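Read through the structure below, which is laid out as structure tokens, and then see the notes.
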Amino acid sequence: MADSASNGAFVEFDRVQKSYDGETLVVKDLNLSLPKGEFLTMLGPSGSGKTTCLMMLAGFETATHGDIRLGGTSINNIPPHKRGIGMVFQNYALFPHMTIAENLSFPLEVRKMGKTEREEKILRALDMVEMGAFGGRRPSQLSGGQQQRVALARALVFEPELVLMDEPLGALDKQLREKMQFEITNLAHNLGITTVYVTHDQTEALTMSDRVAVFDDGRIQQLDPPDTLYEAPQNSFVAQFIGENNTLEGTVKELNNGLALIQLDDGELIDAMPVHESVKAGARTRVSIRPERVEYNKDRIQEGAHTLKAEVKEFIYMGDIFRTRLSVAGNDEFVIKTRNAPDVERLKPGQQIEIGWLPQDCRALDA
Amino acid sequence: MSALPPYATTGQRVWYYSFRVICGLIFFFLIAPIMVVIPLSFNAQDFFTFTKEMLSFDPEGYSLKHYRDFFGNPDWQDALWNSVKIAPAATLLSVSLGTLAAIGLSQPHVPFRRAIMATLISPMIVPLIISAAGMYFFYSRMGLAGTYWGVVLAHAALGIPFVIITVTATLVGFDHSLTRAAASMGANPVTTFYRIQMPLILPGVISGALFAFITSFDEVVVVIFVGSAKQQTLPWQMFTGLREQISPTILAVATILVAISIALLTTVELLRRRSERLRGMSPT
């Protein structure tokens, strides 16, 4: 992180701390830098400090310690209205006493822009979110999804280089949400704006972002592109928080050839990738396996896979996939997911089966 | 009005009708004294009672002579003029200070918020005669007693609690992310106040202003203490008229004041509805 300034970081958090009461730190030692044009998502449970970080960047909260830099210059002492950062709020925050066009005109008027130029930009911004015909309406006359589009257009109309979004899709229904995820990502990439997006919805984070920062307990637990985050979680929290995950607990017996031999609590010995730094001989560990990386069809279990006995507890038909709950090595909550295909066997509760997974899909993390 | 459901018991039926009778009686009790004044103000005689001609609806029994007296008599005209000079100035002062106080007190970080609020509202709770006496001694020391600005300040102090209460009530429903949104768009706090916050809390400000205006316009105790003959307002003149001259002209004045009050209330209500429509709070 230290050399990020030299390689052109656009937004930088440098050892930032935040405390509201002077005792407990809500944000502990945050270091983060993102280049121009990146779509970064801050993901985490509520109270993890992600919104506080966004508010510090917007200027509505002040950092207790550390430096926040925008384009290389510290913005700690710049009030929010002089930062030139666009923002989309969770409840949209459209001005109810103004029409849609007036809402969009507001940031341009405070910039003393001429009338013709304003009208041109308003129209372009509204067209961008397919709301061109709604300029004369009032916010209360629009649906949630439409208000969301207007809020987006209003944050973009003054052409900021950085846009912050605070759970902007939280109030929308699932379908609209998926559509808007796609539109926001496209818009951000086409316009080349840098975006910091806050959400607690991991699907949203995975589908929209270039990189995701997973927050917990005031720290970034992992900062990686979505695929790395999902496939190679660095600790138990990330593994549990992103996607569905199976956990088996055990003790590390030995490390060799880049693999850890782990004795599970029921005595079973398995191989796993030693990921977390705490994985050393004799240490307790948690082994994480993704549900879709587990196979039970004998023909599909790959060579080199580790096999275990399992008992089927529950079979759930979910349409595109089957979700089967198993009892594996003393864990009754072991879930596997199988794609619904003609040749896939539908398991029945009580059935005894053999499951298998590759050692590289099995990650030994912190206990 | 909901009709009685078919399964209503005798008790419910009795209550249904007696409830309406009680409401009517309360309404009558509140309105009757005012309603009596209005026809009496058109009395052709200098009496405070209904004459035989009036009761028989003889046009001879009615006249506008008390209204002519009000508009022709320099005493009344001076009083009217004083009221018209004092009330708007006091209202303006109450509204500016009261609104600022309400906004300040609505911030979460203000220390001793309740204590400050209680102090500012106290003129509404403390008996008027005590406020008046206190103001008299205080203003005398400051050289404000018997001056125009003394009366304006005293009336502003009485009006501020109303403004604080109505504006605070509107601020409860105010979404503070709107001011943040305005700031993120580059508006400085002053612009944000005038273009975003003020228009949205305007209904509260207006009704506060109305109360402050009426308070000043109707006030008699404080003005007698703090004011001098030069600041003799309409209510003061009415009080004097009642005590010294017993002229039915005060009935004409009372009628005019009632008319002004009704006009003000109607205006405010229309404004309030309009702004609620703009805020999208009720269907258009």
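Residue numbering restarts at 1 for every chain of the structure tokens, chains are lettered A, B, ... in their displayed order, and ligands are numbered from 1 as they appear.
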Selection: 9 Å around region 135-140 of chain A, only C-alpha atoms, excl. self and same-chain fewer than 4 positions, as a PyMOL selection string | (chain A and resi 94-102+104+122-123+126+131+146-147+150) or (chain B and resi 278-281)
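For chain A, the residues close to chain B, meaning within 8 Å and counting only C-alpha atoms, are Ala58, Phe60, Pro80, His81, Lys82, Arg83, Gly84, Ile85, Gly86, Met87, Val88, Phe89, Ala93, Leu94, Phe95, Pro96, His97, Met98, Phe106, Pro107, Val110, Arg111, Arg138, Pro139, Ser140, Gln141, Ala155 and Phe158 of chain A.
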Per DSSP on the backbone, what are the strand (DSSP E or B) residues of region 83-185 of chain A, as a VMD selection string?
-> chain A and resid 86 to 88 162 to 166
Would you work out the distance separating CA of Leu128 (chain B) from CA of Leu144 (chain B), expressed in Å to one decimal?
->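 Computed distance, CA of Leu128 (chain B) to CA of Leu144 (chain B), equals 18.7 Å.
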So which residues touch region 296-313 of chain A within 7 Å, counting only C-alpha atoms, skipping near sequence neighbours fewer than 5 positions away, as a ChimeraX atom specification?
-> /A:325-328,348-359
Keeping N, CA and C atoms for every residue in the selection just given, could you write it to a file as an mmCIF file, in the first residue's frame?
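And here is the file that came out, again-v5.cif:
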```
data_model
loop_
_atom_site.group_PDB
_atom_site.id
_atom_site.type_symbol
_atom_site.label_atom_id
_atom_site.label_comp_id
_atom_site.auth_asym_id
_atom_site.auth_seq_id
_atom_site.Cartn_x
_atom_site.Cartn_y
_atom_site.Cartn_z
ATOM 1 N N ARG A 325 -28.446 -31.816 2.046
ATOM 2 C CA ARG A 325 -27.759 -31.671 3.326
ATOM 3 C C ARG A 325 -27.304 -33.051 3.778
ATOM 4 N N LEU A 326 -26.036 -33.128 4.159
ATOM 5 C CA LEU A 326 -25.439 -34.410 4.510
ATOM 6 C C LEU A 326 -24.885 -34.361 5.924
ATOM 7 N N SER A 327 -24.620 -35.566 6.416
ATOM 8 C CA SER A 327 -23.869 -35.669 7.657
ATOM 9 C C SER A 327 -22.491 -36.194 7.279
ATOM 10 N N VAL A 328 -21.490 -35.366 7.442
ATOM 11 C CA VAL A 328 -20.133 -35.723 7.041
ATOM 12 C C VAL A 328 -19.187 -35.483 8.219
ATOM 13 N N LYS A 348 -32.030 -39.528 -1.515
ATOM 14 C CA LYS A 348 -33.130 -39.626 -0.551
ATOM 15 C C LYS A 348 -32.564 -39.614 0.860
ATOM 16 N N PRO A 349 -33.282 -39.003 1.801
ATOM 17 C CA PRO A 349 -32.805 -38.994 3.182
ATOM 18 C C PRO A 349 -32.549 -40.413 3.681
ATOM 19 N N GLY A 350 -31.475 -40.594 4.399
ATOM 20 C CA GLY A 350 -31.131 -41.892 4.938
ATOM 21 C C GLY A 350 -30.162 -42.683 4.070
ATOM 22 N N GLN A 351 -30.042 -42.276 2.808
ATOM 23 C CA GLN A 351 -29.160 -42.952 1.863
ATOM 24 C C GLN A 351 -27.695 -42.806 2.299
ATOM 25 N N GLN A 352 -26.911 -43.873 2.187
ATOM 26 C CA GLN A 352 -25.479 -43.805 2.484
ATOM 27 C C GLN A 352 -24.730 -43.598 1.171
ATOM 28 N N ILE A 353 -23.913 -42.547 1.086
ATOM 29 C CA ILE A 353 -23.209 -42.292 -0.173
ATOM 30 C C ILE A 353 -21.737 -42.015 0.115
ATOM 31 N N GLU A 354 -21.010 -41.930 -0.964
ATOM 32 C CA GLU A 354 -19.603 -41.577 -0.847
ATOM 33 C C GLU A 354 -19.396 -40.265 -1.592
ATOM 34 N N ILE A 355 -18.769 -39.302 -0.903
ATOM 35 C CA ILE A 355 -18.539 -38.009 -1.559
ATOM 36 C C ILE A 355 -17.042 -37.792 -1.720
ATOM 37 N N GLY A 356 -16.679 -36.888 -2.640
ATOM 38 C CA GLY A 356 -15.261 -36.635 -2.846
ATOM 39 C C GLY A 356 -14.994 -35.207 -3.272
ATOM 40 N N TRP A 357 -13.812 -34.708 -2.918
ATOM 41 C CA TRP A 357 -13.399 -33.383 -3.373
ATOM 42 C C TRP A 357 -11.899 -33.349 -3.528
ATOM 43 N N LEU A 358 -11.422 -32.412 -4.324
ATOM 44 C CA LEU A 358 -9.989 -32.290 -4.559
ATOM 45 C C LEU A 358 -9.349 -31.517 -3.411
ATOM 46 N N PRO A 359 -8.128 -31.904 -3.037
ATOM 47 C CA PRO A 359 -7.474 -31.210 -1.916
ATOM 48 C C PRO A 359 -7.354 -29.702 -2.152
#
```
Would you kindly return, as a list of chain:residue names, each protein, DNA or RNA residue with an atom no farther than 9 Å from any atom of Thr215 (chain B), considering only C-alpha atoms and excluding same-chain residues fewer than 2 positions away?
->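 Contacts, in chain order: B:Ala87, B:Thr91, B:His155, B:Leu158, B:Gly159, B:Leu210, B:Phe211, B:Ala212, B:Phe213, B:Phe217, B:Asp218, B:Glu219.
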For CA of Leu64 (chain B) and CA of Pro33 (chain B), quote the distance in Å rounded to one decimal.
->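 Here the two named atoms are 20.6 Å from each other.
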